[in-house]
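For reference, start-v4.txt is printed below; it contains compact mmCIF, C-alpha atoms.
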# COMPACT_ATOMS: atom_id res chain seq x y z
CA MET A 1 -71.79 81.78 -10.53
CA LEU A 2 -69.01 82.75 -12.86
CA GLN A 3 -66.69 83.20 -9.93
CA GLN A 4 -67.61 79.82 -8.60
CA ASP A 5 -66.99 78.30 -11.97
CA GLY A 6 -63.72 80.13 -12.13
CA ASN A 7 -62.71 78.76 -8.76
CA GLU A 8 -63.73 75.26 -9.71
CA ASP A 9 -61.73 75.57 -12.88
CA THR A 10 -58.65 76.71 -11.11
CA GLU A 11 -59.13 74.02 -8.50
CA ASP A 12 -59.47 71.41 -11.16
CA VAL A 13 -56.43 72.68 -12.97
CA SER A 14 -54.29 72.79 -9.85
CA LEU A 15 -55.31 69.27 -8.84
CA PHE A 16 -54.41 68.06 -12.28
CA ASP A 17 -51.06 69.80 -12.07
CA THR A 18 -50.14 68.20 -8.75
CA GLU A 19 -51.07 64.78 -10.10
CA GLU A 20 -48.83 65.34 -13.07
CA GLU A 21 -46.02 66.43 -10.82
CA THR A 22 -46.30 63.28 -8.79
CA THR A 23 -46.08 61.07 -11.84
CA ASN A 24 -43.35 63.11 -13.48
CA ARG A 25 -41.11 63.18 -10.43
CA PRO A 26 -38.36 60.61 -10.97
CA LYS A 27 -39.34 58.70 -7.81
CA LYS A 28 -39.99 55.54 -9.80
CA SER A 29 -36.39 55.18 -10.84
CA LYS A 30 -35.00 55.66 -7.37
CA ILE A 31 -33.63 52.62 -5.62
CA ARG A 32 -35.57 52.30 -2.40
CA HIS A 33 -33.85 49.26 -0.97
CA PRO A 34 -30.13 49.59 -1.71
CA VAL A 35 -29.08 46.89 0.74
CA ALA A 36 -31.56 44.38 -0.67
CA SER A 37 -30.54 45.21 -4.24
CA PHE A 38 -26.89 44.77 -3.36
CA PHE A 39 -27.36 41.39 -1.73
CA HIS A 40 -29.67 40.22 -4.48
CA LEU A 41 -26.80 40.50 -6.92
CA PHE A 42 -23.90 39.87 -4.54
CA PHE A 43 -24.56 36.22 -3.67
CA ARG A 44 -25.41 35.17 -7.23
CA VAL A 45 -22.47 36.92 -8.84
CA SER A 46 -20.05 35.73 -6.14
CA ALA A 47 -21.11 32.13 -6.67
CA VAL A 48 -20.40 32.43 -10.40
CA VAL A 49 -17.11 34.24 -9.79
CA VAL A 50 -15.92 31.65 -7.25
CA TYR A 51 -16.85 28.87 -9.69
CA LEU A 52 -14.85 30.42 -12.52
CA LEU A 53 -11.88 31.61 -10.51
CA CYS A 54 -11.63 28.74 -8.01
CA ASP A 55 -7.99 28.28 -8.92
CA LEU A 56 -7.05 31.69 -7.62
CA PHE A 57 -8.94 31.50 -4.35
CA SER A 58 -7.71 28.33 -2.76
CA SER A 59 -5.70 25.25 -3.58
CA SER A 60 -8.25 23.03 -1.93
CA PHE A 61 -11.04 22.16 -4.27
CA ILE A 62 -13.36 21.16 -1.46
CA ALA A 63 -13.15 24.65 0.07
CA CYS A 64 -14.38 26.06 -3.24
CA VAL A 65 -17.22 23.58 -3.47
CA VAL A 66 -18.37 24.32 0.07
CA THR A 67 -18.10 28.08 -0.56
CA ILE A 68 -20.18 27.84 -3.71
CA ILE A 69 -22.79 25.73 -1.93
CA LEU A 70 -22.91 28.27 0.90
CA LEU A 71 -23.28 31.20 -1.51
CA LEU A 72 -25.99 29.45 -3.51
CA SER A 73 -27.95 28.68 -0.35
CA CYS A 74 -27.67 32.25 0.97
CA ASP A 75 -28.73 33.54 -2.42
CA PHE A 76 -31.73 31.23 -2.55
CA TRP A 77 -32.92 32.26 0.89
CA ALA A 78 -32.32 35.97 0.31
CA VAL A 79 -34.07 36.11 -3.05
CA LYS A 80 -37.02 34.02 -1.97
CA ASN A 81 -37.66 35.63 1.40
CA VAL A 82 -36.42 39.18 1.18
CA THR A 83 -35.48 40.71 -2.14
CA GLY A 84 -38.48 39.53 -4.15
CA ARG A 85 -40.86 40.92 -1.58
CA LEU A 86 -39.05 44.23 -1.18
CA MET A 87 -37.98 44.95 -4.72
CA VAL A 88 -40.89 43.81 -6.87
CA GLY A 89 -43.66 42.98 -4.41
CA LEU A 90 -43.92 39.31 -5.35
CA ARG A 91 -43.76 36.22 -3.17
CA TRP A 92 -44.34 32.51 -3.43
CA TRP A 93 -44.45 29.67 -0.93
CA ASN A 94 -45.84 26.25 -0.17
CA HIS A 95 -48.76 25.68 2.13
CA ILE A 96 -49.86 22.39 3.64
CA ASP A 97 -53.47 22.43 4.70
CA GLU A 98 -55.33 20.39 7.32
CA ASP A 99 -55.77 17.38 5.03
CA GLY A 100 -52.07 17.20 4.37
CA LYS A 101 -52.40 18.41 0.79
CA SER A 102 -49.77 20.77 -0.43
CA HIS A 103 -50.58 23.96 -2.31
CA TRP A 104 -48.17 26.29 -4.03
CA VAL A 105 -49.18 29.93 -3.62
CA PHE A 106 -47.94 32.68 -5.90
CA GLU A 107 -48.80 36.22 -4.89
CA SER A 108 -48.18 39.69 -6.13
CA ARG A 109 -48.79 42.88 -4.25
CA LYS A 110 -51.71 44.92 -5.56
CA ALA A 111 -50.61 48.21 -7.10
CA SER A 112 -51.75 51.00 -4.83
CA ALA A 113 -51.62 54.76 -5.02
CA GLN A 114 -49.25 54.93 -2.06
CA GLU A 115 -45.79 56.10 -2.99
CA SER A 116 -44.04 53.63 -0.75
CA LYS A 117 -45.84 50.61 -2.15
CA THR A 118 -45.22 51.06 -5.85
CA VAL A 119 -42.45 49.18 -7.57
CA SER A 120 -39.52 51.30 -8.65
CA GLU A 121 -38.33 50.71 -12.20
CA ALA A 122 -34.64 50.62 -11.38
CA GLU A 123 -35.15 47.98 -8.70
CA SER A 124 -37.39 45.96 -10.97
CA ARG A 125 -34.77 45.99 -13.69
CA ILE A 126 -31.99 44.95 -11.29
CA PHE A 127 -34.17 42.20 -9.86
CA TRP A 128 -35.17 40.59 -13.14
CA LEU A 129 -31.73 40.99 -14.65
CA GLY A 130 -30.09 39.17 -11.75
CA LEU A 131 -32.87 36.60 -11.59
CA ILE A 132 -32.64 35.62 -15.25
CA ALA A 133 -28.96 36.04 -16.10
CA CYS A 134 -27.49 33.78 -13.41
CA PRO A 135 -29.53 30.60 -13.99
CA VAL A 136 -28.69 30.95 -17.68
CA LEU A 137 -25.00 31.03 -16.74
CA TRP A 138 -25.38 27.94 -14.56
CA VAL A 139 -27.09 26.07 -17.38
CA ILE A 140 -24.19 26.98 -19.65
CA PHE A 141 -21.78 25.71 -16.98
CA ALA A 142 -23.82 22.51 -16.75
CA PHE A 143 -23.47 21.85 -20.45
CA SER A 144 -19.79 22.64 -20.40
CA ALA A 145 -19.23 20.31 -17.44
CA LEU A 146 -21.15 17.65 -19.28
CA PHE A 147 -19.03 17.94 -22.38
CA SER A 148 -15.87 18.95 -20.53
CA PHE A 149 -14.95 22.08 -22.40
CA ARG A 150 -11.48 23.18 -21.41
CA VAL A 151 -11.78 26.09 -19.00
CA LYS A 152 -8.36 26.76 -17.51
CA TRP A 153 -8.67 25.31 -14.02
CA LEU A 154 -10.87 22.47 -15.16
CA ARG A 155 -7.85 20.96 -16.83
CA ASN A 156 -6.76 19.80 -13.40
CA LEU A 157 -9.87 17.74 -12.94
CA ARG A 158 -10.76 14.44 -14.44
CA PRO A 159 -13.35 15.18 -17.06
CA GLY A 160 -16.79 14.47 -15.70
CA SER A 161 -15.72 14.88 -12.10
CA LEU A 162 -18.63 14.23 -9.79
CA ASN A 163 -17.94 17.21 -7.57
CA LEU A 164 -18.16 19.56 -10.49
CA HIS A 165 -21.44 18.12 -11.63
CA ALA A 166 -22.90 18.21 -8.12
CA VAL A 167 -22.13 21.91 -7.70
CA VAL A 168 -23.42 22.87 -11.12
CA ILE A 169 -26.62 20.86 -10.72
CA MET A 170 -27.20 22.55 -7.40
CA GLY A 171 -26.74 25.95 -9.02
CA VAL A 172 -29.21 25.16 -11.77
CA VAL A 173 -31.81 23.73 -9.37
CA LEU A 174 -31.71 26.47 -6.73
CA GLN A 175 -31.59 29.43 -9.06
CA GLY A 176 -34.02 27.85 -11.49
CA ALA A 177 -36.50 27.34 -8.68
CA ASN A 178 -36.53 31.02 -7.76
CA LEU A 179 -36.79 32.01 -11.40
CA TYR A 180 -39.75 29.69 -11.94
CA GLY A 181 -41.48 30.85 -8.76
CA TYR A 182 -41.23 34.53 -9.56
CA ILE A 183 -42.22 34.12 -13.18
CA ARG A 184 -45.36 32.34 -12.04
CA CYS A 185 -46.07 35.20 -9.64
CA LYS A 186 -45.66 37.70 -12.45
CA VAL A 187 -47.79 35.73 -14.90
CA GLY A 188 -50.44 35.26 -12.23
CA SER A 189 -50.61 38.97 -11.54
CA ARG A 190 -50.91 39.78 -15.22
CA LYS A 191 -53.77 37.31 -15.56
CA ASN A 192 -55.52 38.99 -12.66
CA LEU A 193 -55.12 42.38 -14.33
CA THR A 194 -56.50 41.03 -17.59
CA ASN A 195 -59.47 39.50 -15.79
CA MET A 196 -60.11 42.75 -13.96
CA ALA A 197 -59.85 44.73 -17.17
CA THR A 198 -62.21 42.47 -19.11
CA SER A 199 -64.78 42.41 -16.32
CA TYR A 200 -64.60 46.22 -16.05
CA LEU A 201 -65.07 46.62 -19.79
CA GLY A 202 -67.93 44.17 -19.66
CA LYS A 203 -69.63 46.17 -16.93
CA GLN A 204 -69.15 49.41 -18.86
CA LEU A 205 -70.65 47.96 -22.02
CA LEU A 206 -73.62 46.63 -20.08
CA ARG A 207 -74.17 49.99 -18.43
CA GLN A 208 -73.98 51.79 -21.76
CA SER A 209 -76.41 49.45 -23.46
CA THR A 210 -78.95 49.64 -20.60
CA GLY A 211 -78.41 53.43 -20.45
CA ASP A 212 -79.15 53.70 -24.15
CA GLU A 213 -82.29 51.68 -23.69
CA GLN A 214 -83.48 53.99 -20.95
CA THR A 215 -82.83 57.19 -22.85
CA SER A 216 -84.35 55.85 -26.02
CA MET B 1 -35.37 24.43 -1.64
CA ALA B 2 -35.25 22.61 -3.21
CA LYS B 3 -34.71 22.35 -2.72
CA ALA B 4 -37.50 24.37 -4.09
CA ALA B 5 -39.44 26.45 -1.57
CA GLU B 6 -37.39 25.95 1.47
CA SER B 7 -39.03 28.17 3.98
CA SER B 8 -42.49 27.72 5.24
CA GLY B 9 -45.58 29.58 4.80
CA ASP B 10 -46.81 32.92 4.12
CA PRO B 11 -47.91 34.62 7.15
CA GLY B 12 -44.28 34.10 7.86
CA THR B 13 -42.87 36.12 5.01
CA THR B 14 -44.52 39.19 6.41
CA SER B 15 -42.74 38.68 9.73
CA PRO B 16 -40.13 41.33 10.39
CA ARG B 17 -37.30 38.85 11.01
CA PRO B 18 -37.56 35.97 8.55
CA LEU B 19 -34.01 34.78 9.25
CA MET B 20 -34.63 34.17 12.95
CA ARG B 21 -37.95 32.53 12.17
CA ASP B 22 -36.29 30.10 9.77
CA LEU B 23 -33.38 29.32 12.08
CA LYS B 24 -35.76 28.64 14.94
CA ALA B 25 -37.83 26.36 12.70
CA VAL B 26 -34.74 24.35 11.75
CA GLY B 27 -33.64 24.06 15.38
CA LYS B 28 -37.10 22.97 16.45
CA LYS B 29 -37.07 20.19 13.85
CA PHE B 30 -33.67 18.97 15.03
CA MET B 31 -35.13 18.71 18.54
CA HIS B 32 -38.08 16.74 17.20
CA VAL B 33 -35.72 14.26 15.60
CA LEU B 34 -33.72 13.81 18.77
CA TYR B 35 -36.84 13.22 20.84
CA PRO B 36 -39.29 11.62 18.41
CA ARG B 37 -42.84 12.27 19.38
CA LYS B 38 -46.03 12.12 17.41
CA SER B 39 -46.04 15.62 16.10
CA ASN B 40 -46.78 17.36 12.89
CA THR B 41 -43.96 19.85 12.93
CA LEU B 42 -41.67 18.03 10.53
CA LEU B 43 -44.50 17.38 8.16
CA ARG B 44 -46.54 20.57 8.16
CA ASP B 45 -43.77 23.15 8.08
CA TRP B 46 -41.25 21.35 5.98
CA ASP B 47 -37.97 22.86 4.95
CA LEU B 48 -34.84 21.44 3.40
CA TRP B 49 -32.23 23.58 5.17
CA GLY B 50 -31.62 20.96 7.87
CA PRO B 51 -31.01 18.16 5.37
CA LEU B 52 -28.64 20.42 3.43
CA ILE B 53 -26.62 21.29 6.54
CA LEU B 54 -26.47 17.65 7.63
CA CYS B 55 -25.51 16.48 4.15
CA VAL B 56 -22.67 18.98 3.83
CA THR B 57 -21.42 18.20 7.36
CA LEU B 58 -21.50 14.46 6.71
CA ALA B 59 -19.78 14.86 3.34
CA LEU B 60 -17.03 17.01 4.87
CA MET B 61 -16.44 14.53 7.69
CA LEU B 62 -16.25 11.62 5.27
CA GLN B 63 -13.36 13.22 3.41
CA ARG B 64 -10.28 11.09 3.07
CA SER B 65 -7.05 13.03 3.12
CA SER B 66 -5.77 11.62 -0.14
CA VAL B 67 -2.66 12.86 -1.91
CA ASP B 68 -4.37 14.52 -4.82
CA SER B 69 -7.16 15.95 -2.74
CA GLU B 70 -6.21 19.46 -3.74
CA LYS B 71 -6.74 18.77 -7.36
CA ASP B 72 -9.84 16.76 -7.10
CA GLY B 73 -11.34 16.82 -3.66
CA GLY B 74 -11.78 13.11 -3.93
CA PRO B 75 -15.06 11.71 -5.10
CA GLN B 76 -16.29 11.12 -1.57
CA PHE B 77 -17.81 14.56 -1.15
CA ALA B 78 -20.12 14.33 -4.11
CA GLU B 79 -20.73 10.64 -3.49
CA VAL B 80 -22.32 11.41 -0.14
CA PHE B 81 -24.47 14.09 -1.76
CA VAL B 82 -25.59 11.78 -4.52
CA ILE B 83 -26.35 8.90 -2.16
CA VAL B 84 -28.32 11.05 0.27
CA TRP B 85 -30.40 13.04 -2.22
CA PHE B 86 -30.84 10.33 -4.81
CA GLY B 87 -31.74 7.84 -2.08
CA ALA B 88 -34.25 10.21 -0.49
CA VAL B 89 -35.87 10.97 -3.85
CA THR B 90 -36.13 7.27 -4.66
CA ILE B 91 -37.73 6.46 -1.31
CA THR B 92 -40.20 9.30 -1.78
CA LEU B 93 -41.17 8.11 -5.26
CA ASN B 94 -41.54 4.59 -3.90
CA SER B 95 -43.84 5.66 -1.11
CA LYS B 96 -45.92 7.78 -3.48
CA LEU B 97 -46.29 4.85 -5.87
CA LEU B 98 -47.42 2.67 -2.99
CA GLY B 99 -50.25 5.12 -2.43
CA GLY B 100 -48.88 7.19 0.41
CA ASN B 101 -50.45 10.60 0.91
CA ILE B 102 -47.36 12.54 1.74
CA SER B 103 -46.01 15.25 -0.51
CA PHE B 104 -42.65 15.03 -2.24
CA PHE B 105 -40.90 17.69 -0.19
CA GLN B 106 -42.37 16.58 3.12
CA SER B 107 -40.87 13.14 2.63
CA LEU B 108 -37.49 14.60 1.66
CA CYS B 109 -37.67 16.80 4.74
CA VAL B 110 -38.29 13.89 7.15
CA LEU B 111 -35.66 11.63 5.61
CA GLY B 112 -33.11 14.42 5.58
CA TYR B 113 -33.67 15.52 9.15
CA CYS B 114 -33.50 11.93 10.43
CA ILE B 115 -29.88 11.74 9.25
CA LEU B 116 -29.04 13.78 12.36
CA PRO B 117 -28.33 10.79 14.66
CA LEU B 118 -26.01 9.30 12.04
CA THR B 119 -24.17 12.61 11.69
CA VAL B 120 -23.63 12.57 15.43
CA ALA B 121 -22.37 8.98 15.08
CA MET B 122 -19.90 10.15 12.42
CA LEU B 123 -18.62 12.85 14.76
CA VAL B 124 -18.15 10.33 17.56
CA CYS B 125 -16.43 7.89 15.19
CA ARG B 126 -13.96 10.51 14.05
CA LEU B 127 -13.11 11.29 17.65
CA VAL B 128 -12.75 7.60 18.51
CA LEU B 129 -10.47 7.13 15.49
CA LEU B 130 -8.01 9.59 17.00
CA ALA B 131 -7.26 6.96 19.63
CA GLU B 132 -5.15 3.91 18.82
CA PRO B 133 -6.63 1.46 16.32
CA GLY B 134 -7.64 -2.02 17.44
CA PRO B 135 -10.61 -4.29 18.03
CA ILE B 136 -11.87 -2.19 20.96
CA ASN B 137 -11.82 0.88 18.76
CA PHE B 138 -13.90 -0.97 16.22
CA MET B 139 -16.37 -2.32 18.77
CA VAL B 140 -16.99 1.14 20.18
CA ARG B 141 -17.64 2.55 16.74
CA LEU B 142 -19.86 -0.39 15.83
CA PHE B 143 -21.93 0.10 18.95
CA VAL B 144 -22.35 3.83 18.42
CA VAL B 145 -23.30 3.40 14.77
CA ILE B 146 -25.84 0.65 15.54
CA VAL B 147 -27.50 2.76 18.25
CA MET B 148 -27.70 5.83 16.02
CA PHE B 149 -28.93 3.77 13.09
CA ALA B 150 -31.77 2.44 15.23
CA TRP B 151 -32.53 5.98 16.39
CA SER B 152 -32.77 7.22 12.79
CA ILE B 153 -35.09 4.39 11.84
CA VAL B 154 -37.35 4.97 14.84
CA ALA B 155 -37.48 8.72 14.22
CA SER B 156 -38.30 8.43 10.54
CA THR B 157 -40.91 5.70 10.96
CA ALA B 158 -42.57 7.77 13.68
CA PHE B 159 -43.15 10.48 11.12
CA LEU B 160 -43.62 8.53 7.93
CA ALA B 161 -45.60 5.48 8.99
CA ASP B 162 -48.90 7.31 9.33
CA SER B 163 -48.94 8.42 5.75
CA GLN B 164 -48.71 4.90 4.34
CA PRO B 165 -51.67 2.60 3.66
CA PRO B 166 -51.76 0.02 6.47
CA ASN B 167 -51.08 -3.09 4.43
CA ARG B 168 -48.07 -1.53 2.73
CA LYS B 169 -46.22 -0.21 5.72
CA ALA B 170 -43.44 -2.79 5.58
CA LEU B 171 -42.94 -2.21 1.87
CA ALA B 172 -42.61 1.52 2.45
CA ILE B 173 -40.31 1.24 5.45
CA TYR B 174 -37.89 -1.26 3.92
CA PRO B 175 -36.21 1.27 1.57
CA VAL B 176 -35.81 3.66 4.51
CA PHE B 177 -34.05 0.87 6.38
CA LEU B 178 -31.77 0.30 3.39
CA PHE B 179 -31.08 4.02 2.99
CA TYR B 180 -29.89 4.50 6.57
CA PHE B 181 -28.04 1.19 6.42
CA VAL B 182 -25.95 2.39 3.47
CA ILE B 183 -25.13 5.64 5.27
CA SER B 184 -24.24 3.73 8.46
CA TRP B 185 -22.02 1.45 6.39
CA MET B 186 -20.17 4.44 4.94
CA ILE B 187 -19.67 5.80 8.44
CA LEU B 188 -18.51 2.52 9.93
CA THR B 189 -16.04 1.69 7.16
CA PHE B 190 -14.50 5.15 7.15
CA THR B 191 -10.74 5.28 7.68
CA PRO B 192 -8.92 8.58 7.47
CA GLN B 193 -5.91 7.34 5.49
Entire entry expressed as C-alpha cells:
Amino acid sequence: MLQQDGNEDTEDVSLFDTEEETTNRPKKSKIRHPVASFFHLFFRVSAVVVYLLCDLFSSSFIACVVTIILLLSCDFWAVKNVTGRLMVGLRWWNHIDEDGKSHWVFESRKASAQESKTVSEAESRIFWLGLIACPVLWVIFAFSALFSFRVKWLRNLRPGSLNLHAVVIMGVVLQGANLYGYIRCKVGSRKNLTNMATSYLGKQLLRQSTGDEQTS
Amino acid sequence: MAKAAESSGDPGTTSPRPLMRDLKAVGKKFMHVLYPRKSNTLLRDWDLWGPLILCVTLALMLQRSSVDSEKDGGPQFAEVFVIVWFGAVTITLNSKLLGGNISFFQSLCVLGYCILPLTVAMLVCRLVLLAEPGPINFMVRLFVVIVMFAWSIVASTAFLADSQPPNRKALAIYPVFLFYFVISWMILTFTPQ
C-alpha cells in the first residue's frame, strides 16, 4: 500500500514537473512564422517610408503614388489573409447567405493545449504593434495634408493637392479596416471567454449548493 | 477592401493558397463582365480588387504629359479615382434609398468590374491616337467608346436590375447610365498633349 502510494506520489510529482517544464520553456516567445512577421511589417513600413521620402526615390510623383497604392494593397491582402491567421489566430470576413444578406464574421482560434496552435508572445507583440502604429501614422499624415504642414518635399506641391489626399485617404481606409476587423475579433474572443468563465462559475456554484443540500 | 474585406469567404481562408484563389476569383469576374450572363458570381463573392486594378489602370492611361507633371502628377490621376469611387458610392446609396436589397460592397463590386469595357476602350483610343489626327481618327474612337459604353451598361444592368424593386428600375439605372457616360466622356475627350 505504502509502496503504491509512494509510486503514485512520485508519478504525480513527475507529471507536475513535466508540465512546469513545458510552460517554463521559452517556446512562447519564439517567432514561429518569421516570413509572415517580416511581410506584416515590410509592406506597411515601406508604404510610410515611400510616402515620406518620395523625393529621393523618383522625380515622377505619379510613380510614387502608384507605388504607395501597390504597397498598401499588398499590405491589406497580406494582413487580412495571411499574417492575422498565422500570427495571432484571428480572422474576419464577409459572408453573403442565400437570401442575399451580408454578414460580417469575426473569428478567433480556440486556445488549445497543442504547442503548434498557441499564440507566441513575440509574434503577438509584433502583430499588434504593426497593426496599430501604422494607421495612426496615416491619420497624422491625413491631418497634415489637410492643413498643409510643410514637410520638405511637400513644398513642391500645391497645398491641398488632390493626389496627396487620395493616397492618404486610401492609407487610412485600408489600414483602418484591418485594425477594426482584428480588434473586433479580439473583443469577440474575450467576450466568449468571459461568457465561458461565468457559465462555468455558475455551474460550480450550483453543484456546490446542491452538494451541500445532499450532505446536510 | 475596402475597400474593407476584399477577399471572399471563410472556408477560403483555410485554403493553402489564398493568393491563387483570389487571383482566380478576380479573373473569373472579369470573364463574367465580358460575357454577361445571369449569374451570381459577381454578387455572392464580391471583392474590390478588380475595381482597384481597373481604376489605377484607367487613371494612369488618362495622364496628360504636362510640363510640371514631375512636381504634381497633374490632377487627372486623383480626379479619376474620385469620380469612380465617389460615383460608385453615390449610386449605391441611391439604390439603397430606393429600397434595393443589395449590400453596399456588392454594388461597388459590380459597378467597379463593369468599368472593364471602358478601360479596354481607353486602351484602344490611346493606340488610335498614335495615328495621325483627323475626323476619321475621331470617328473610330467615338464608335469604340459608344460600343464599350453600351457593353458596360448592359453588363451592370444584368447584375443590378434584379435587386431593385420593379417600379423603380429606371430610377435606379439612370445614375448608372450617367456614371458610365461621364467616364466615357473623359475617355473620348482625352488628348495626350
Write down, as a short mmCIF file (atom, residue, chain, number, x, y, z; two decimals) with C-alpha atoms, in the frame of the given file, each residue of chain A that has any atom within 7 Å of an atom of chain B, counting all atoms listed in the file.
data_model
loop_
_atom_site.label_atom_id
_atom_site.label_comp_id
_atom_site.auth_asym_id
_atom_site.auth_seq_id
_atom_site.Cartn_x
_atom_site.Cartn_y
_atom_site.Cartn_z
CA SER A 59 -5.70 25.25 -3.58
CA SER A 60 -8.25 23.03 -1.93
CA PHE A 61 -11.04 22.16 -4.27
CA ILE A 62 -13.36 21.16 -1.46
CA ASN A 81 -37.66 35.63 1.40
CA TRP A 93 -44.45 29.67 -0.93
CA ASN A 94 -45.84 26.25 -0.17
CA HIS A 95 -48.76 25.68 2.13
CA ILE A 96 -49.86 22.39 3.64
CA SER A 102 -49.77 20.77 -0.43
CA ASN A 156 -6.76 19.80 -13.40
CA LEU A 157 -9.87 17.74 -12.94
CA LEU A 162 -18.63 14.23 -9.79
CA ASN A 163 -17.94 17.21 -7.57
CA ALA A 166 -22.90 18.21 -8.12
CA LEU A 174 -31.71 26.47 -6.73
CA ALA A 177 -36.50 27.34 -8.68
#
Hey, what's within 9 Å of range 175-178 of chain B if we count only C-alpha atoms and toss same-chain stuff fewer than 2 positions away? As a PyMOL selection string, please?
chain B and resi 87-88+90-91+94+111+149+153+156-157+171-173+180-183
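With all atoms listed in the file taken into account, the protein and nucleic acid residues at most 8 Å from Val50 in chain A (excluding it and anything under 6 positions from it in its own chain) are A:Phe57, A:Cys64, A:Thr67, A:Ile68.
For the atom pair formed by CA of Leu54 in chain B and CA of Phe76 in chain A, the distance is 17.8 Å, given to one decimal.
In this model, the gap between CA of Gly188 in chain A and CA of Phe106 in chain A comes to 7.3 Å.
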Write out as a PyMOL selection string each polymer residue whose atoms come within 12 Å of Cys134 in chain A, counting only C-alpha atoms; drop sequence neighbours fewer than 2 positions from it.
chain A and resi 40-49+72+75-76+127-132+136-141+168+171-176+178-179
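CA of Met186 in chain B to CA of Leu62 in chain B spans 8.2 Å [interatomic distance, one decimal].
Comparing the minimum interatomic distances between Met139 in chain B and each of B:Asp162, B:Met31, B:Cys125, B:Leu118, counting all atoms listed in the file, we find that B:Cys125 sits nearest.
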